[in-house]
Each structure stands twice: as C-alpha cells, then as structure tokens.
>>> print(open('target_35.csv').read())   # CSV, N, CA and C atoms
chain,number,residue,atom,x,y,z
A,1,MET,N,11.4,10.0,24.7
A,1,MET,CA,12.0,10.1,23.4
A,1,MET,C,11.3,9.1,22.4
A,2,ALA,N,11.0,9.5,21.2
A,2,ALA,CA,10.4,8.7,20.2
A,2,ALA,C,11.3,7.6,19.8
A,3,THR,N,10.8,6.4,19.5
A,3,THR,CA,11.5,5.3,19.0
A,3,THR,C,11.2,5.2,17.5
A,4,ILE,N,12.2,5.3,16.7
A,4,ILE,CA,12.1,5.2,15.2
A,4,ILE,C,13.0,4.1,14.7
A,5,GLU,N,12.4,3.1,14.0
A,5,GLU,CA,13.2,2.1,13.3
A,5,GLU,C,13.0,2.1,11.8
A,6,ARG,N,14.0,2.2,11.1
A,6,ARG,CA,13.9,2.3,9.6
A,6,ARG,C,14.4,0.9,9.1
A,7,MET,N,13.7,0.3,8.1
A,7,MET,CA,14.0,-1.0,7.6
A,7,MET,C,14.2,-0.8,6.1
A,8,GLU,N,15.1,-1.5,5.5
A,8,GLU,CA,15.4,-1.5,4.1
A,8,GLU,C,15.6,-0.1,3.6
A,9,VAL,N,16.6,0.6,4.2
A,9,VAL,CA,16.9,2.0,4.0
A,9,VAL,C,17.7,2.2,2.7
A,10,GLY,N,17.2,3.1,1.9
A,10,GLY,CA,17.9,3.4,0.6
A,10,GLY,C,18.3,4.9,0.7
A,11,GLN,N,18.8,5.4,-0.4
A,11,GLN,CA,19.2,6.8,-0.5
A,11,GLN,C,18.0,7.7,-0.3
A,12,ARG,N,16.9,7.4,-1.0
A,12,ARG,CA,15.8,8.3,-1.0
A,12,ARG,C,14.7,7.9,0.0
A,13,MET,N,14.6,6.7,0.4
A,13,MET,CA,13.5,6.3,1.3
A,13,MET,C,13.8,5.0,2.0
A,14,SER,N,13.1,4.8,3.0
A,14,SER,CA,13.0,3.5,3.7
A,14,SER,C,11.8,2.8,3.3
A,15,ARG,N,11.8,1.5,3.1
A,15,ARG,CA,10.6,0.7,2.7
A,15,ARG,C,9.6,0.7,3.8
A,16,ILE,N,10.2,0.6,5.0
A,16,ILE,CA,9.3,0.5,6.2
A,16,ILE,C,9.9,1.5,7.3
A,17,VAL,N,9.0,2.2,7.9
A,17,VAL,CA,9.5,3.0,9.1
A,17,VAL,C,8.5,2.7,10.2
A,18,LYS,N,9.1,2.3,11.4
A,18,LYS,CA,8.3,2.0,12.6
A,18,LYS,C,8.5,3.2,13.6
A,19,HIS,N,7.4,3.8,14.0
A,19,HIS,CA,7.5,4.8,15.0
A,19,HIS,C,6.6,4.4,16.2
A,20,ASN,N,7.1,4.2,17.4
A,20,ASN,CA,6.4,3.7,18.5
A,20,ASN,C,5.5,2.5,18.1
A,21,GLU,N,4.2,2.6,18.0
A,21,GLU,CA,3.4,1.4,17.7
A,21,GLU,C,2.8,1.5,16.3
A,22,THR,N,3.4,2.4,15.4
A,22,THR,CA,2.8,2.6,14.1
A,22,THR,C,3.8,2.2,13.0
A,23,VAL,N,3.3,1.7,11.9
A,23,VAL,CA,4.2,1.3,10.8
A,23,VAL,C,3.8,2.1,9.6
A,24,TYR,N,4.8,2.6,8.9
A,24,TYR,CA,4.6,3.4,7.7
A,24,TYR,C,5.3,2.7,6.5
A,25,LEU,N,4.5,2.4,5.5
A,25,LEU,CA,5.1,1.8,4.3
A,25,LEU,C,5.4,2.8,3.2
A,26,CYS,N,6.5,2.7,2.5
A,26,CYS,CA,6.6,3.5,1.3
A,26,CYS,C,5.6,3.1,0.2
A,27,GLY,N,5.5,3.9,-0.8
A,27,GLY,CA,4.5,3.6,-1.8
A,27,GLY,C,4.8,2.3,-2.5
A,28,GLN,N,3.8,1.5,-2.7
A,28,GLN,CA,3.9,0.2,-3.4
A,28,GLN,C,3.2,0.2,-4.7
A,29,VAL,N,3.8,-0.4,-5.7
A,29,VAL,CA,3.2,-0.6,-7.0
A,29,VAL,C,3.1,-2.1,-7.4
A,30,GLY,N,2.5,-2.4,-8.4
A,30,GLY,CA,2.4,-3.8,-8.9
A,30,GLY,C,3.7,-4.4,-9.3
A,31,ALA,N,3.8,-5.7,-9.3
A,31,ALA,CA,5.1,-6.4,-9.6
A,31,ALA,C,5.5,-6.2,-11.1
A,32,ASP,N,4.5,-6.1,-11.9
A,32,ASP,CA,4.7,-6.0,-13.4
A,32,ASP,C,3.9,-4.9,-13.9
A,33,ALA,N,4.5,-3.8,-14.3
A,33,ALA,CA,3.8,-2.6,-14.8
A,33,ALA,C,3.2,-2.8,-16.2
A,34,ASN,N,3.5,-3.9,-16.8
A,34,ASN,CA,2.9,-4.2,-18.1
A,34,ASN,C,1.6,-5.0,-18.1
A,35,THR,N,1.0,-5.2,-16.9
A,35,THR,CA,-0.2,-5.9,-16.7
A,35,THR,C,-1.4,-4.9,-16.6
A,36,ASP,N,-2.6,-5.5,-16.5
A,36,ASP,CA,-3.8,-4.6,-16.3
A,36,ASP,C,-4.0,-4.2,-14.9
A,37,ILE,N,-5.0,-3.3,-14.7
A,37,ILE,CA,-5.2,-2.8,-13.3
A,37,ILE,C,-5.5,-3.9,-12.3
A,38,THR,N,-6.2,-4.9,-12.7
A,38,THR,CA,-6.5,-6.0,-11.8
A,38,THR,C,-5.2,-6.7,-11.3
A,39,GLU,N,-4.3,-7.0,-12.2
A,39,GLU,CA,-3.1,-7.7,-11.8
A,39,GLU,C,-2.2,-6.8,-11.1
A,40,GLN,N,-2.1,-5.5,-11.5
A,40,GLN,CA,-1.2,-4.6,-10.8
A,40,GLN,C,-1.7,-4.4,-9.4
A,41,THR,N,-3.0,-4.3,-9.2
A,41,THR,CA,-3.6,-4.1,-7.8
A,41,THR,C,-3.3,-5.3,-7.0
A,42,ARG,N,-3.5,-6.5,-7.5
A,42,ARG,CA,-3.3,-7.7,-6.8
A,42,ARG,C,-1.9,-7.9,-6.3
A,43,THR,N,-0.9,-7.7,-7.2
A,43,THR,CA,0.5,-7.8,-6.8
A,43,THR,C,0.9,-6.7,-5.9
A,44,MET,N,0.4,-5.5,-6.1
A,44,MET,CA,0.7,-4.4,-5.2
A,44,MET,C,0.3,-4.8,-3.8
A,45,LEU,N,-0.9,-5.3,-3.6
A,45,LEU,CA,-1.4,-5.7,-2.3
A,45,LEU,C,-0.7,-6.9,-1.7
A,46,ASP,N,-0.2,-7.8,-2.6
A,46,ASP,CA,0.7,-8.9,-2.1
A,46,ASP,C,1.9,-8.3,-1.5
A,47,LYS,N,2.5,-7.3,-2.1
A,47,LYS,CA,3.7,-6.6,-1.6
A,47,LYS,C,3.4,-6.0,-0.2
A,48,VAL,N,2.3,-5.4,-0.1
A,48,VAL,CA,1.9,-4.8,1.2
A,48,VAL,C,1.8,-5.8,2.3
A,49,ASP,N,1.2,-7.0,1.9
A,49,ASP,CA,1.1,-8.1,2.9
A,49,ASP,C,2.5,-8.5,3.4
A,50,VAL,N,3.5,-8.6,2.5
A,50,VAL,CA,4.8,-9.0,2.8
A,50,VAL,C,5.5,-8.0,3.8
A,51,LEU,N,5.4,-6.7,3.4
A,51,LEU,CA,6.0,-5.7,4.2
A,51,LEU,C,5.3,-5.6,5.6
A,52,LEU,N,4.0,-5.7,5.7
A,52,LEU,CA,3.4,-5.7,7.0
A,52,LEU,C,3.8,-6.8,7.8
A,53,GLU,N,3.9,-8.0,7.2
A,53,GLU,CA,4.4,-9.2,8.0
A,53,GLU,C,5.8,-8.9,8.5
A,54,GLN,N,6.7,-8.4,7.7
A,54,GLN,CA,8.1,-8.1,8.1
A,54,GLN,C,8.1,-7.1,9.3
A,55,SER,N,7.0,-6.2,9.3
A,55,SER,CA,6.9,-5.2,10.3
A,55,SER,C,6.3,-5.7,11.6
A,56,GLY,N,5.7,-6.9,11.6
A,56,GLY,CA,5.1,-7.4,12.8
A,56,GLY,C,3.6,-7.1,12.9
A,57,THR,N,3.0,-7.0,11.8
A,57,THR,CA,1.6,-6.7,11.8
A,57,THR,C,0.9,-7.3,10.5
A,58,ASP,N,-0.3,-7.0,10.3
A,58,ASP,CA,-1.0,-7.5,9.0
A,58,ASP,C,-2.1,-6.5,8.6
A,59,LYS,N,-2.7,-6.8,7.5
A,59,LYS,CA,-3.7,-5.9,6.9
A,59,LYS,C,-4.9,-5.6,7.8
A,60,SER,N,-5.2,-6.4,8.7
A,60,SER,CA,-6.3,-6.1,9.6
A,60,SER,C,-6.0,-5.0,10.6
A,61,TYR,N,-4.7,-4.6,10.6
A,61,TYR,CA,-4.3,-3.4,11.5
A,61,TYR,C,-4.0,-2.2,10.7
A,62,ILE,N,-4.4,-2.1,9.4
A,62,ILE,CA,-4.2,-0.9,8.6
A,62,ILE,C,-5.1,0.2,9.1
A,63,LEU,N,-4.5,1.3,9.4
A,63,LEU,CA,-5.2,2.5,9.9
A,63,LEU,C,-5.7,3.4,8.7
A,64,SER,N,-4.8,3.5,7.7
A,64,SER,CA,-5.0,4.5,6.7
A,64,SER,C,-4.3,4.0,5.4
A,65,ALA,N,-5.0,4.2,4.3
A,65,ALA,CA,-4.4,3.9,3.0
A,65,ALA,C,-4.8,5.0,2.0
A,66,THR,N,-3.8,5.4,1.2
A,66,THR,CA,-4.0,6.3,0.1
A,66,THR,C,-3.6,5.6,-1.1
A,67,ILE,N,-4.6,5.6,-2.0
A,67,ILE,CA,-4.4,4.9,-3.3
A,67,ILE,C,-4.4,5.9,-4.4
A,68,TYR,N,-3.4,5.8,-5.3
A,68,TYR,CA,-3.2,6.7,-6.4
A,68,TYR,C,-3.5,5.9,-7.7
A,69,LEU,N,-4.5,6.4,-8.5
A,69,LEU,CA,-4.8,5.7,-9.8
A,69,LEU,C,-4.4,6.6,-10.9
A,70,ARG,N,-3.8,6.1,-11.9
A,70,ARG,CA,-3.4,6.9,-13.1
A,70,ARG,C,-4.6,7.4,-13.8
A,71,ASP,N,-5.7,6.6,-13.8
A,71,ASP,CA,-7.0,7.0,-14.4
A,71,ASP,C,-8.1,6.5,-13.6
A,72,MET,N,-9.1,7.4,-13.2
A,72,MET,CA,-10.2,7.0,-12.4
A,72,MET,C,-11.1,6.0,-13.1
A,73,LYS,N,-10.9,5.8,-14.4
A,73,LYS,CA,-11.7,4.7,-15.1
A,73,LYS,C,-11.4,3.3,-14.5
A,74,ASP,N,-10.3,3.2,-13.8
A,74,ASP,CA,-9.9,1.9,-13.2
A,74,ASP,C,-10.4,1.8,-11.8
A,75,PHE,N,-11.2,2.7,-11.3
A,75,PHE,CA,-11.6,2.7,-9.9
A,75,PHE,C,-12.4,1.5,-9.6
A,76,THR,N,-13.4,1.1,-10.4
A,76,THR,CA,-14.2,-0.1,-10.1
A,76,THR,C,-13.4,-1.4,-10.1
A,77,ALA,N,-12.5,-1.6,-11.1
A,77,ALA,CA,-11.7,-2.8,-11.2
A,77,ALA,C,-10.7,-2.9,-10.0
A,78,MET,N,-10.1,-1.7,-9.6
A,78,MET,CA,-9.2,-1.7,-8.5
A,78,MET,C,-10.0,-2.0,-7.2
A,79,ASN,N,-11.2,-1.5,-7.0
A,79,ASN,CA,-12.0,-1.7,-5.8
A,79,ASN,C,-12.4,-3.2,-5.7
A,80,ALA,N,-12.6,-3.9,-6.8
A,80,ALA,CA,-13.0,-5.3,-6.8
A,80,ALA,C,-11.9,-6.1,-6.1
A,81,VAL,N,-10.6,-5.8,-6.5
A,81,VAL,CA,-9.5,-6.5,-5.9
A,81,VAL,C,-9.3,-6.1,-4.4
A,82,TRP,N,-9.4,-4.8,-4.1
A,82,TRP,CA,-9.3,-4.3,-2.8
A,82,TRP,C,-10.4,-4.9,-1.9
A,83,ASP,N,-11.6,-4.9,-2.3
A,83,ASP,CA,-12.7,-5.4,-1.5
A,83,ASP,C,-12.5,-6.9,-1.1
A,84,ALA,N,-12.0,-7.7,-2.1
A,84,ALA,CA,-11.7,-9.1,-1.8
A,84,ALA,C,-10.5,-9.3,-0.9
A,85,TRP,N,-9.6,-8.3,-0.8
A,85,TRP,CA,-8.4,-8.4,0.0
A,85,TRP,C,-8.5,-7.9,1.4
A,86,ILE,N,-9.3,-6.8,1.6
A,86,ILE,CA,-9.4,-6.3,3.0
A,86,ILE,C,-10.3,-7.1,3.8
A,87,PRO,N,-9.9,-7.5,5.0
A,87,PRO,CA,-10.8,-8.3,5.9
A,87,PRO,C,-12.1,-7.6,6.2
A,88,GLU,N,-13.2,-8.3,6.2
A,88,GLU,CA,-14.5,-7.7,6.5
A,88,GLU,C,-14.4,-7.1,8.0
A,89,GLY,N,-14.9,-5.9,8.1
A,89,GLY,CA,-14.9,-5.3,9.4
A,89,GLY,C,-13.6,-4.5,9.7
A,90,HIS,N,-12.6,-4.6,8.8
A,90,HIS,CA,-11.3,-4.0,9.1
A,90,HIS,C,-11.0,-2.9,8.1
A,91,ALA,N,-12.0,-2.3,7.4
A,91,ALA,CA,-11.7,-1.3,6.4
A,91,ALA,C,-11.0,-0.1,7.0
A,92,PRO,N,-9.9,0.3,6.5
A,92,PRO,CA,-9.2,1.5,7.1
A,92,PRO,C,-9.8,2.8,6.6
A,93,ALA,N,-9.3,3.9,7.2
A,93,ALA,CA,-9.6,5.2,6.5
A,93,ALA,C,-8.9,5.1,5.2
A,94,ARG,N,-9.5,5.7,4.1
A,94,ARG,CA,-8.9,5.5,2.8
A,94,ARG,C,-9.2,6.7,1.9
A,95,ALA,N,-8.3,7.1,1.1
A,95,ALA,CA,-8.5,8.1,0.1
A,95,ALA,C,-8.0,7.5,-1.2
A,96,CYS,N,-8.7,7.9,-2.3
A,96,CYS,CA,-8.3,7.4,-3.6
A,96,CYS,C,-8.3,8.6,-4.6
A,97,VAL,N,-7.2,8.9,-5.2
A,97,VAL,CA,-7.1,10.0,-6.0
A,97,VAL,C,-6.4,9.7,-7.4
A,98,GLU,N,-6.8,10.4,-8.4
A,98,GLU,CA,-6.1,10.3,-9.7
A,98,GLU,C,-4.8,11.1,-9.7
A,99,ALA,N,-3.8,10.5,-10.1
A,99,ALA,CA,-2.5,11.1,-10.1
A,99,ALA,C,-1.6,10.6,-11.2
A,100,ARG,N,-0.6,11.4,-11.6
A,100,ARG,CA,0.4,10.9,-12.5
A,100,ARG,C,1.4,10.2,-11.6
A,101,LEU,N,1.8,9.0,-12.0
A,101,LEU,CA,2.7,8.1,-11.3
A,101,LEU,C,4.1,8.2,-11.9
A,102,ALA,N,5.1,7.6,-11.2
A,102,ALA,CA,6.5,7.8,-11.6
A,102,ALA,C,6.8,7.3,-13.0
A,103,ARG,N,6.1,6.3,-13.5
A,103,ARG,CA,6.2,5.8,-14.9
A,103,ARG,C,4.9,5.7,-15.5
A,104,PRO,N,4.7,6.0,-16.8
A,104,PRO,CA,3.4,6.0,-17.4
A,104,PRO,C,2.7,4.6,-17.4
A,105,GLU,N,3.5,3.5,-17.4
A,105,GLU,CA,2.8,2.2,-17.4
A,105,GLU,C,2.3,1.8,-16.1
A,106,LEU,N,2.6,2.5,-15.0
A,106,LEU,CA,2.1,2.2,-13.7
A,106,LEU,C,0.6,2.7,-13.6
A,107,LEU,N,-0.3,1.9,-13.2
A,107,LEU,CA,-1.7,2.2,-13.1
A,107,LEU,C,-2.2,2.5,-11.7
A,108,VAL,N,-1.4,2.0,-10.7
A,108,VAL,CA,-1.9,2.1,-9.3
A,108,VAL,C,-0.7,2.1,-8.3
A,109,GLU,N,-0.8,2.9,-7.3
A,109,GLU,CA,0.2,2.9,-6.2
A,109,GLU,C,-0.6,3.1,-4.9
A,110,ILE,N,0.0,2.5,-3.8
A,110,ILE,CA,-0.6,2.7,-2.5
A,110,ILE,C,0.4,3.1,-1.4
A,111,SER,N,-0.1,3.9,-0.5
A,111,SER,CA,0.7,4.2,0.7
A,111,SER,C,-0.1,3.8,1.9
A,112,VAL,N,0.5,3.1,2.8
A,112,VAL,CA,-0.2,2.5,4.0
A,112,VAL,C,0.4,2.9,5.3
A,113,VAL,N,-0.4,3.1,6.3
A,113,VAL,CA,-0.1,3.3,7.7
A,113,VAL,C,-0.8,2.3,8.5
A,114,ALA,N,-0.1,1.5,9.3
A,114,ALA,CA,-0.8,0.5,10.1
A,114,ALA,C,-0.3,0.5,11.6
A,115,ALA,N,-1.1,0.0,12.4
A,115,ALA,CA,-0.7,-0.2,13.8
A,115,ALA,C,0.0,-1.6,14.0
A,116,LEU,N,0.9,-1.7,14.9
A,116,LEU,CA,1.5,-2.9,15.2
A,116,LEU,C,0.5,-3.8,16.0
A,117,LYS,N,0.7,-5.1,15.9
A,117,LYS,CA,-0.2,-6.0,16.6
A,117,LYS,C,0.1,-5.9,18.1
>>> encode(input="target_35.csv", output="structure tokens")
Amino acid sequence: MATIERMEVGQRMSRIVKHNETVYLCGQVGADANTDITEQTRTMLDKVDVLLEQSGTDKSYILSATIYLRDMKDFTAMNAVWDAWIPEGHAPARACVEARLARPELLVEISVVAALK
C-alpha cells in the first residue's frame, strides 16, 4: 500500500505531498509580486529551499521542475538566477513555458518534484 503524507494542508492544496520516496511541492511564486523577475525568481527559489528542507531533502535531489513565465522575455533573467541556484551536476529535468499566472503582477512560478535523501 502506498504511503502518502500531506503537509500544510489547505482546502485547495497541500504545500508538500510525500509519496514513498518522492516529494511534490505545490506551485511557488516570489515573496513580493511587485518586484522584478530577478527578485521574484530569487525569493521563489528561497521558498523551494525551505519546503525541501521541511520535507527532508534539498535542491540537489530535484528530479523535475516546471517553470511558468508570464512573458518569455524574462527567460534569460530567470535563467541567470536559476543557474546560480542549482548545484553543478544536479540539473533536473525541466520545462519552461509561458503562461498566464493567478495574478497579473506574478512573473514566475515553479512546480517541483524531488527525491528524498
């Protein structure tokens, strides 16, 4: 039987779901939607770090990431932050798409799947 643990459960979603040896994070956005793409990306990834730590893993164990950009013109600036954040040799499978986000001031969102340590 599968083992499922849900953490920080709300009406619509859980912030973290652990299934066997895999961690799924809900979509994360920047801490302040009124900042530029660089700051939104940096603080979004800071939130991912915190959730992964709460889950018992870290960014070197990310298996897959899906990044949603409001506008592909921000792709290069977002990647500059991403490239500095992801440990060398630990790049996950990744997709990056342009999408309308929940609020117009949001520039970037990420969904992450990671293995437990």
>>> atom_distance(input="target_35.csv", atom1="atom C of Ser60 of chain A", atom2="atom CA of His90 of chain A")
5.6 Å
>>> atom_distance(input="target_35.csv", atom1="atom C of Thr3 of chain A", atom2="atom N of Pro92 of chain A")
24.3 Å
>>> residues_around(input="target_35.csv", residues="Leu45 of chain A", least_positions_apart="2", cutoff="8 Å", atoms="only N, CA and C atoms", output="PyMOL selection string")
chain A and resi 28-31+39-43+47-51+85+110
>>> residues_around(input="target_35.csv", residues="Asn20 of chain A", least_positions_apart="6", cutoff="6.5 Å", atoms="all atoms listed in the file", output="PyMOL selection string")
chain A and resi 2-5
>>> residues_around(input="target_35.csv", residues="Ala77 of chain A", least_positions_apart="2", cutoff="12 Å", atoms="only C-alpha atoms", output="list of chain:residue names")
A:Asp36, A:Ile37, A:Thr38, A:Glu39, A:Gln40, A:Thr41, A:Arg42, A:Leu69, A:Asp71, A:Met72, A:Lys73, A:Asp74, A:Phe75, A:Asn79, A:Ala80, A:Val81, A:Trp82, A:Asp83, A:Ala84, A:Leu107, A:Val108
>>> atom_distance(input="target_35.csv", atom1="atom C of Ile62 of chain A", atom2="atom CA of Val113 of chain A")
6.0 Å
>>> closest_residue(input="target_35.csv", among="A:Arg103, A:Lys59, A:Met44, A:Gly10", to="Pro87 of chain A", atoms="only N, CA and C atoms")
A:Lys59
>>> closest_residue(input="target_35.csv", among="A:Ala93, A:Ala114, A:Thr57, A:Tyr68", to="Leu25 of chain A", atoms="only C-alpha atoms")
A:Ala114
>>> select_by_dssp(input="target_35.csv", residues="segment 40-85 of chain A", states="strand (DSSP E)", output="list in words")
Ile62, Leu63, Ser64, Ala65, Thr66, Ile67, Tyr68 and Leu69 of chain A
>>> residues_around(input="target_35.csv", residues="Cys26 of chain A", least_positions_apart="6", cutoff="6 Å", atoms="all atoms listed in the file", output="PyMOL selection string")
chain A and resi 14-17+110-112
>>> select_by_dssp(input="target_35.csv", residues="segment 67-110 of chain A", states="alpha helix (DSSP H)", output="number ranges by chain")
A: 75-85
>>> closest_residue(input="target_35.csv", among="A:Ala65, A:Gly27, A:Arg70, A:Glu105", to="Ile86 of chain A", atoms="only C-alpha atoms")
A:Ala65
